[in-house]
Structures are given as C-alpha cells and as structure tokens.
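Novice: Here it is, the structure in full.
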Number of protein chains: 2
Amino acid sequence: MNIDMIQAAAQRLDNRIIRTPFLTSPFIDERAGRRVWIKAECLQHTRSFKFRGAWSAISALAPDIRAKGVMGFSSGNHGQALARVANIFEIPSLVVMPSDAAQIKINNTRQLGAEIILYERNSENREQIGADIAKERGMTLIKPFDDPEVIAGQGTTGLEIADQTTKLGLLQKTDVLVCCGGGGLISGIALALEAQAPHLRVRSVEPEHFDDVARSLQSGERKRNTRRSGSHCDAILTPEPGKLTFPIMQRLCGPGLVVSDVEALQAMVVAYEHLGVIVEPGGAVALAAALYRKEWIHSDDVICILTGGNVDSNVFTRALEQFGTNA
Amino acid sequence: MNIDMIQAAAQRLDNRIIRTPFLTSPFIDERAGRRVWIKAECLQHTRSFKFRGAWSAISALAPDIRAKGVMGFSSGNHGQALARVANIFEIPSLVVMPSDAAQIKINNTRQLGAEIILYERNSENREQIGADIAKERGMTLIKPFDDPEVIAGQGTTGLEIADQTTKLGLLQKTDVLVCCGGGGLISGIALALEAQAPHLRVRSVEPEHFDDVARSLQSGERKRNTRRSGSHCDAILTPEPGKLTFPIMQRLCGPGLVVSDVEALQAMVVAYEHLGVIVEPGGAVALAAALYRKEWIHSDDVICILTGGNVDSNVFTRALEQFGTNA
C-alpha cells in the first residue's frame with residue numbers, strides 16, 4: 001500500500017464519485033469549542049464512503065474476471081456500494097449480510113440489484129460463507145476493508161481533504177477524526193495525508209464496547225471485541241482491526257477516541273439540526289467525539305468525517321424525539 | 001447585469017462558499033423517469049444559496065460604508081445569510097422579518113447575531129420599513145433579489161453548474177429547474193449559463209397560488225399574486241417578480257412549472273429518504289416538479305436545485321409521518 005495506489009484509484013474514480021464538501025456550522029463550532037470542518041461522506045453515492053472502495057476495486061479487475069460478478073460480506077454500506085457499482089458495470093453482484101442488518105440497508109442493497117444471502121451474526125462465519133460462494137460461482141470477493149484496492153479507494157477521501165484544507169488555509173496541526181470499523185477508510189486517509197498533508201493527525205473514533213482499534217493502537221497488537229452486536233452503530237461493529245489496515249494505523253494514527261451509543265445518536269440529531277444532513281449513528285461517532293470529548297482534542301480546528309447516512313427512519317425519528325431541540 | 005459581474009463575484013466568493021455537489025439517486029431517477037442531477041444548495045453556509053448573494057453584496061461595499069452595517073427584509077434565508085456574513089466581516093446587521101416566519105429562521109437569524117424587527121405580513125409594507133431604518137441608521141440595505149450584486153452572487157451557482165455538467169459530459173439540451181421567489185437565483189443562473197452552457201434551459205418552479213413568475217413569463221408582463229401567505233413554501237412567497245430579474249427571466253427562462261404544496265412536502269420526504277438531505281418545502285419545489293410534472297419536461301436528464309434547508313422540525317416530522325415509506 002502506498003500513495004501511488006491511491007492516486008491511481010483517484011484517476012479511476014474521477015467524475016465517478018462525489019467530491020464531498022466540507023460543511024460547517026457556527027452553532028456546532030460553539031458547542032465543540034473550536035472550529036469543526038465536516039467532510040460529509042454521507043452524501044457520497046449510496047450514502048457512504050464505501051462507494052469509493054467498491055469502484056476502486058471493481059474498476060481495477062480485468063474485464064473477463066469482472067464479468068463473472070462480484071460478491072462481498074457487509075452490514076450494509078459496503079453491500080450497497082458493491083451492488084450499485086456492479087449495476088453500473090452491468091455485472092452480477094451478491095452480498096452476504098447479517099440477518100439483523102438495518103432494514104434500509106437490506107432493502108436498498110436488494111433494490112440496487114444485488115442477490116442477498118442473510119446469515120446469523122452470532123453463530124455463522126461470514127468470511128467462510130463469502131469464500132465458499134465466491135469459489136462456487138467464480139465471483140470475485142471484494143472484502144470490506146482488508147483489500148489494497150479498497151483501501152486505495154477510501155484513501156481518495158484523504159486526497160480531497162488535503163486539497164480542501166490547503167485551499168482553506170488550514171495549515172496548522174489539526175486532528176482528523178474518522179469513524180472506524182475495520183480500518184479501511186482511516187488507513188487510506190492516513191496514507192494520503194502522510195504524503196500530502198502531514199500536519200493533519202488521523203485519529204479513530206469508535207463506539208464503546210467496540211473499541212478494538214483504540215485498544216489495539218494502545219497495546220500495539222490487534223485486540224478483539226468481546227461483543228458482536230448490540231449497538232446502534234451497526235456500520236462499524238467489526239470484530240478486530242484488519243491485517244492490512246492495522247500496521248498502517250499503528251504507524252500513522254491515534255490515539256483512538258471512544259464515544260457512547262447515546263452520544264452517537266445525539267450527534268446524529270445535531271447533524272440534522274445544524275447541517276441538514278442525515279448521518280447514521282455509526283457515521284456520527286467522529287462528530288460525537290468533537291462535541292463530547294473536547295478535552296481529548298488539542299488542535300484549534302478539528303476535521304470530522306461523517307462516514308455514512310443509511311439509518312432506519314424509526315431509529316432517526318426516535319432519536320429526534322428524545323434529543324431534538326423541541327424534545 | 002452581465003457575466004463579468006458574476007465572474008467578479010465568483011472571485012470574491014472563492015473559498016468562502018461551499019461548491020455544492022450534484023447528488024444523485026437511482027431511486028429518484030426511477031421515480032422521475034429520467035436521470036435527475038440535484039444541486040444541493042441546501043448544504044450551502046446558512047443552509048441556502050442566499051449566502052452567495054449576501055457575501056457578494058457585502059464584500060462589494062466600500063469598507064467605510066460596510067462598517068456602518070447592513071440590513072435586509074427577509075422571510076428568513078436571506079436574513080440568516082446577511083447575519084452570518086455580517087458576523088464574519090464584524091459589522092452590525094438588522095433583519096426585518098414577517099411575524100409569521102418559520103421559527104427556526106427567526107431563531108437562527110437572531111443567534112447568528114442580527115437584530116430582528118418583526119412586521120405584520122398582511123398589513124405592513126416591508127420595503128418601506130426597510131428603507132426607513134436603513135436611512136435612520138446609515139446601514140446599507142441589501143435587497144433579497146433585486147440588487148445587481150446579489151444576482152451576481154446567486155449566479156455563481158450557474159458557473160458551478162456549467163463546470164459540473166461539462167465534467168459529467170452532460171452536453172445535450174437539459175432543463176434546469178430552479179425554485180423561484182423574486183427571481184434572484186434563477187436570473188443569475190440564467191446569465192451564467194447563457195455564457196457558459198447555453199444548452200441548459202432554465203425554468204422556474206413555484207407553488208400553486210404563488211405562480212407570479214410562471215404567469216408573468218406567459219403573459220410577458222409582471223403579474224402579482226393575490227395571496228401573500230398560506231403555503232409551506234415560505235421562502236418563495238414573493239408578491240411579484242423583481243424589476244431587475246424579470247427582464248432577464250423573460251429573455252432566458254421558461255416556461256414556468258407549478259406544483260402543489262403537498263407535492264413540495266412529498267419531495268422533501270423523498271430528499272430525506274433517498275439523498276439524506278433536509279430541504280425546506282420552498283426549496284423542494286424543483287424536485288417536486290421533476291417527480292410529479294414529468295410530462296412537462298422534455299429532456300433526457302434534468303437538473304434540480306434544492307435551494308434551502310431551513311425547515312421547522314414539526315413541519316418536517318409531520319410530513320414524514322404522512323408521506324414517509326413507513327407511513
């Protein structure tokens with residue numbers, strides 16, 4: 001993995017992805033006690049950064065291999081991205097999803113044209129299911145994070161951040177908070193920023209009980225979560241850091257931040273009220289850290305990535321009732 | 001008014017505004033029966049395109065004049081934009097708003113630092129109130145649309161559209177649907193596109209009973225609305241087309257489209273469900289036209305501008321209950 005792969009991915013993604021804006025709100029700045037720059041990847045195609053990695057990986061395949069189709073295992077955002085990209089390339093796609101995935105993600109992935117196989121999160125091994133099907137059908141398995149072309153695709157987010165901060169004159173040391181599951185996005189961004197904006201420090205943010213990355217960064221070895229489910233932040237509940245992503249994170253990222261599920265829901269409401277964007281709880285943990293872990297951030301400005309926006313309406317409206325200004 | 005003024009405004013706005021993305025959704029394309037490209041100005045600073053015009057006008061003032069402050073009359077979006085820009089320039093601002101303005105707009109304008117004067121929409125004349133205060137305090141009146149520098153600022157949206165469509169290879173005849181009140185945005189965009197992308201045809205969209213622009217374009221003379229209130233589309237309920245904007249619209253825009261208030265609310269829900277952005281009803285009429293006036297559009301693609309996102313939470317959640325997928 002290196003910056004050249006990210007730049008090559010950026011060429012393939014040119015005009016295929018949305019260059020997501022840096023949003024700001026004086027109300028959020030006030031609550032966070034510093035300037036907050038929000039990179040809204042929840043506005044990306046299929047409403048998460050996963051579209052970048054999916055396009056990068058699928059566009060990198062040889063045409064005859066690609067024609068046989070792609071498959072992946074996903075809690076939903078990677079799956080939607082695969083389905084959409086496969087659709088544009090006019091190839092088949094299959095997504096293995098946990099049976100307790102968010103309904104919006106199952107529905108969208110299916111409607112985007114993928115075949116869906118549901119599995120039990122607590123009793124079945126998705127990696128094994130995925131590998132078996134890929135072999136049987138001749139489809140290429142696109143892993144959700146531990147794949148160099150996926151990491152390269154996610155890293156294009158970092159190239160944009162480097163360019164956007166330069167144009168804004170944001171040249172001092174600044175923390176970049178990234179919602180973190182297996183580490184595909186954060187490691188891609190870290191590699192891009194190492195090359196193009198080394199004054200930006202990349203830090204992971206995770207929900208409590210699923211802080212494998214924070215603990216791994218602290219201890220220097222890959223740690224596992226004991227739980228596998230039981231959080232609203234479904235998009236980032238991976239069991240442990242990736243094999244490819246962890247060494248990159250270890251070299252370039254940290255220390256990790258952790259927020260509660262309630263804080264993720266509150267940040268989701270803040271994004272709705274002050275930015276007018278819908279973020280899913282797992283995509284809101286970076287903003288939650290900026291709002292509720294102020295004392296852990298030491299830069300004058302902070303950059304937060306909103307990583308995804310696919311949230312079930314009932315989760316969103318319940319949070320609004322509970323935490324909205326009118327609540 | 002000409003393209004040079006818009007380009008000069010673009011220079012002043014460089015890195016001060018958000019280059020808002022073109023969002024897309026295959027679900028929206030399917031419902032609209034064609035490809036829909038959504039220019040999300042609801043993501044602009046202060047959540048509407050009005051920030052462009054406010055920055056353009058205020059930055060064009062001589063420093064000694066500017067230092068005395070600015071004032072404006074506004075249903076809320078222009079007011080928030082003035083307040084925010086004034087804050088950044090560290091000058092005072094005053095906004096005259098109707099007493100029945102959306103609560104979120106009154107609150108935000110005040111919290112952004114403007115002094116607020118409320119007036120009765122049906123019995124008092126806001127232009128007179130505005131002119132009197134401006135004179136008394138020595139503040140510069142920044143009109144909401146009938147001001148060349150405001151039109152130039154809004155026109156920068158058109159420069160971006162020209163650039164974005166070129167990059168996307170959208171080179172055939174395409175309708176550009178613009179939510180329309182007094183015509184500042186649409187006339188600015190039309191001038192920009194005339195110079196840089198003349199294959200794009202600009203068309204106004206208004207709510208029923210407030211279709212002064214559509215009727216004016218059809219008859220060739222400025223027509224007034226009989227009603228002054230009574231629509232959820234508060235942002236675009238102007239009494240008649242502007243004196244400066246109408247000749248530009250007459251030369252370059254039309255025919256106008258009209259949608260119902262219910263369709264605007266439904267489009268707001270569609271934008272929430274499929275794009276993850278919050279649009280106010282008056283900012284959603286262009287999308288409503290793409291969804292519910294298909295037979296009036298004849299191009300293969302259509303571009304819709306979401307002009308603003310400041311909606312009271314109770315209006316939004318009520319629409320969600322009524323028109324959401326789970327309703």
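Simple scheme: letters A, B, ... for chains in structure tokens order, numbers from 1 for residues in each chain, numbers from 1 for ligands in the order shown.
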Counting only C-alpha atoms, which residues of chain B come no farther than 10 Å from chain A, as a PyMOL selection string?
Specialist: chain B and resi 14-27+42-47+84+104+108+111-112+164+167-169+272-280+308-314+317+320-321+324-326
Novice: Counting only C-alpha atoms, what is within 6 Å of region 207-220 of chain A, bar same-chain residues fewer than 6 positions away, as a list in words?
Specialist: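 Neighbouring residues, sequence-local ones excluded: Glu240, Pro241, Gln250, Gly256, Val258, Val259 and Ser260 of chain A.
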Novice: For the selection just defined, write its residues with C-alpha atoms to a file, as a PDB file, in the first residue's frame.
Specialist:
```pdb
ATOM      1  CA  GLU A 240     -10.961  -6.624  15.180  1.00  0.00           C
ATOM      2  CA  PRO A 241      -8.705  -4.354  13.089  1.00  0.00           C
ATOM      3  CA  GLN A 250      -0.230   1.717  14.064  1.00  0.00           C
ATOM      4  CA  GLY A 256      -8.192   6.456  19.390  1.00  0.00           C
ATOM      5  CA  VAL A 258     -14.411   6.295  22.147  1.00  0.00           C
ATOM      6  CA  VAL A 259     -17.960   7.631  22.497  1.00  0.00           C
ATOM      7  CA  SER A 260     -21.191   6.141  23.810  1.00  0.00           C
TER       8      SER A 260
END
```
Novice: Tell me, which residues of region 46-267 of chain A carry DSSP helix (DSSP H, G or I), written as a ChimeraX atom specification?
Specialist: /A:46-47,50-59,63-66,77-89,103-111,126-137,148-168,184-196,212-219,234-236,245-252,261-267
Novice: Within 10 Å of Ile91 (chain A), counting only C-alpha atoms, which residues show up once you throw out same-chain ones fewer than 5 positions away? Write them as a list in words, please.
Specialist: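 My reading of the contact set: Arg66, Ala67, Lys68, Gly69, Val70, Ala83, Val85, Ala86, Gly113 and Ala114 of chain A.
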Novice: Can you spit out the residues from that selection as a PDB file, in the first residue's frame, using C-alpha atoms?
Specialist:
```pdb
ATOM      1  CA  ARG A  66     -15.084  -8.680 -13.611  1.00  0.00           C
ATOM      2  CA  ALA A  67     -17.719 -10.017 -15.985  1.00  0.00           C
ATOM      3  CA  LYS A  68     -18.292 -13.014 -13.698  1.00  0.00           C
ATOM      4  CA  GLY A  69     -19.503 -10.702 -10.981  1.00  0.00           C
ATOM      5  CA  VAL A  70     -18.509  -9.590  -7.519  1.00  0.00           C
ATOM      6  CA  ALA A  83     -24.485  -3.511  -5.780  1.00  0.00           C
ATOM      7  CA  VAL A  85     -21.080  -0.250  -8.874  1.00  0.00           C
ATOM      8  CA  ALA A  86     -21.871  -3.725 -10.228  1.00  0.00           C
ATOM      9  CA  GLY A 113     -29.794  -5.233  -7.919  1.00  0.00           C
ATOM     10  CA  ALA A 114     -27.709  -7.491  -5.676  1.00  0.00           C
TER      11      ALA A 114
END
```
Novice: Which one of B:Asp261, B:Asp4, B:Glu206, B:Glu124 sits closest to His232 (chain B) if you count only C-alpha atoms?
Specialist: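 Under the stated criterion, the closest residue is B:Asp261.
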Novice: Using CA of Ala290 (chain A) and CA of Ala32 (chain A) as the two end points, give the distance in Å to one decimal.
Specialist: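 If I compute the distance from CA of Ala290 (chain A) to CA of Ala32 (chain A), I get 5.9 Å.
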Novice: Find, counting only C-alpha atoms, the residue in B:Ser204, B:Ser56, B:Ser229, B:Thr156 that gets nearest to Pro255 (chain B).
Specialist: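 With only C-alpha atoms as the atom set, the closest residue is B:Ser204.
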Novice: Which residues, written as number ranges by chain, have at least one atom at most 6 Å from region 181-195 of chain B, with only C-alpha atoms counted and residues fewer than 5 positions away on the same chain left out?
Specialist: B: 3, 145, 151-152, 154-155, 158-159, 236-238, 241-242, 245, 248-249
Novice: Take CA of Leu257 (chain B) and CA of Arg203 (chain B) and report the distance between them in Å, one decimal.
Specialist: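 Between these atoms lies a distance of 7.2 Å.
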Novice: Quick one: pull the distance between CA of Lys50 (chain B) and CA of Val95 (chain B), Å, one decimal.
Specialist: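 Taking CA of Lys50 (chain B) as the start and CA of Val95 (chain B) as the end point, the length is 13.8 Å.
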Novice: Just asking: which residues within region 78-222 of chain B are strand (DSSP E) according to DSSP, as a PyMOL selection string?
Specialist: chain B and resi 93-98+115-119+140-141+174-179+200-207
Novice: Which is closer to Glu90 (chain B) than all the others in B:Ala264, B:Val176, B:Ile58, B:Leu170, using only C-alpha atoms?
Specialist: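 So, comparing all the options, the nearest one is B:Ile58.
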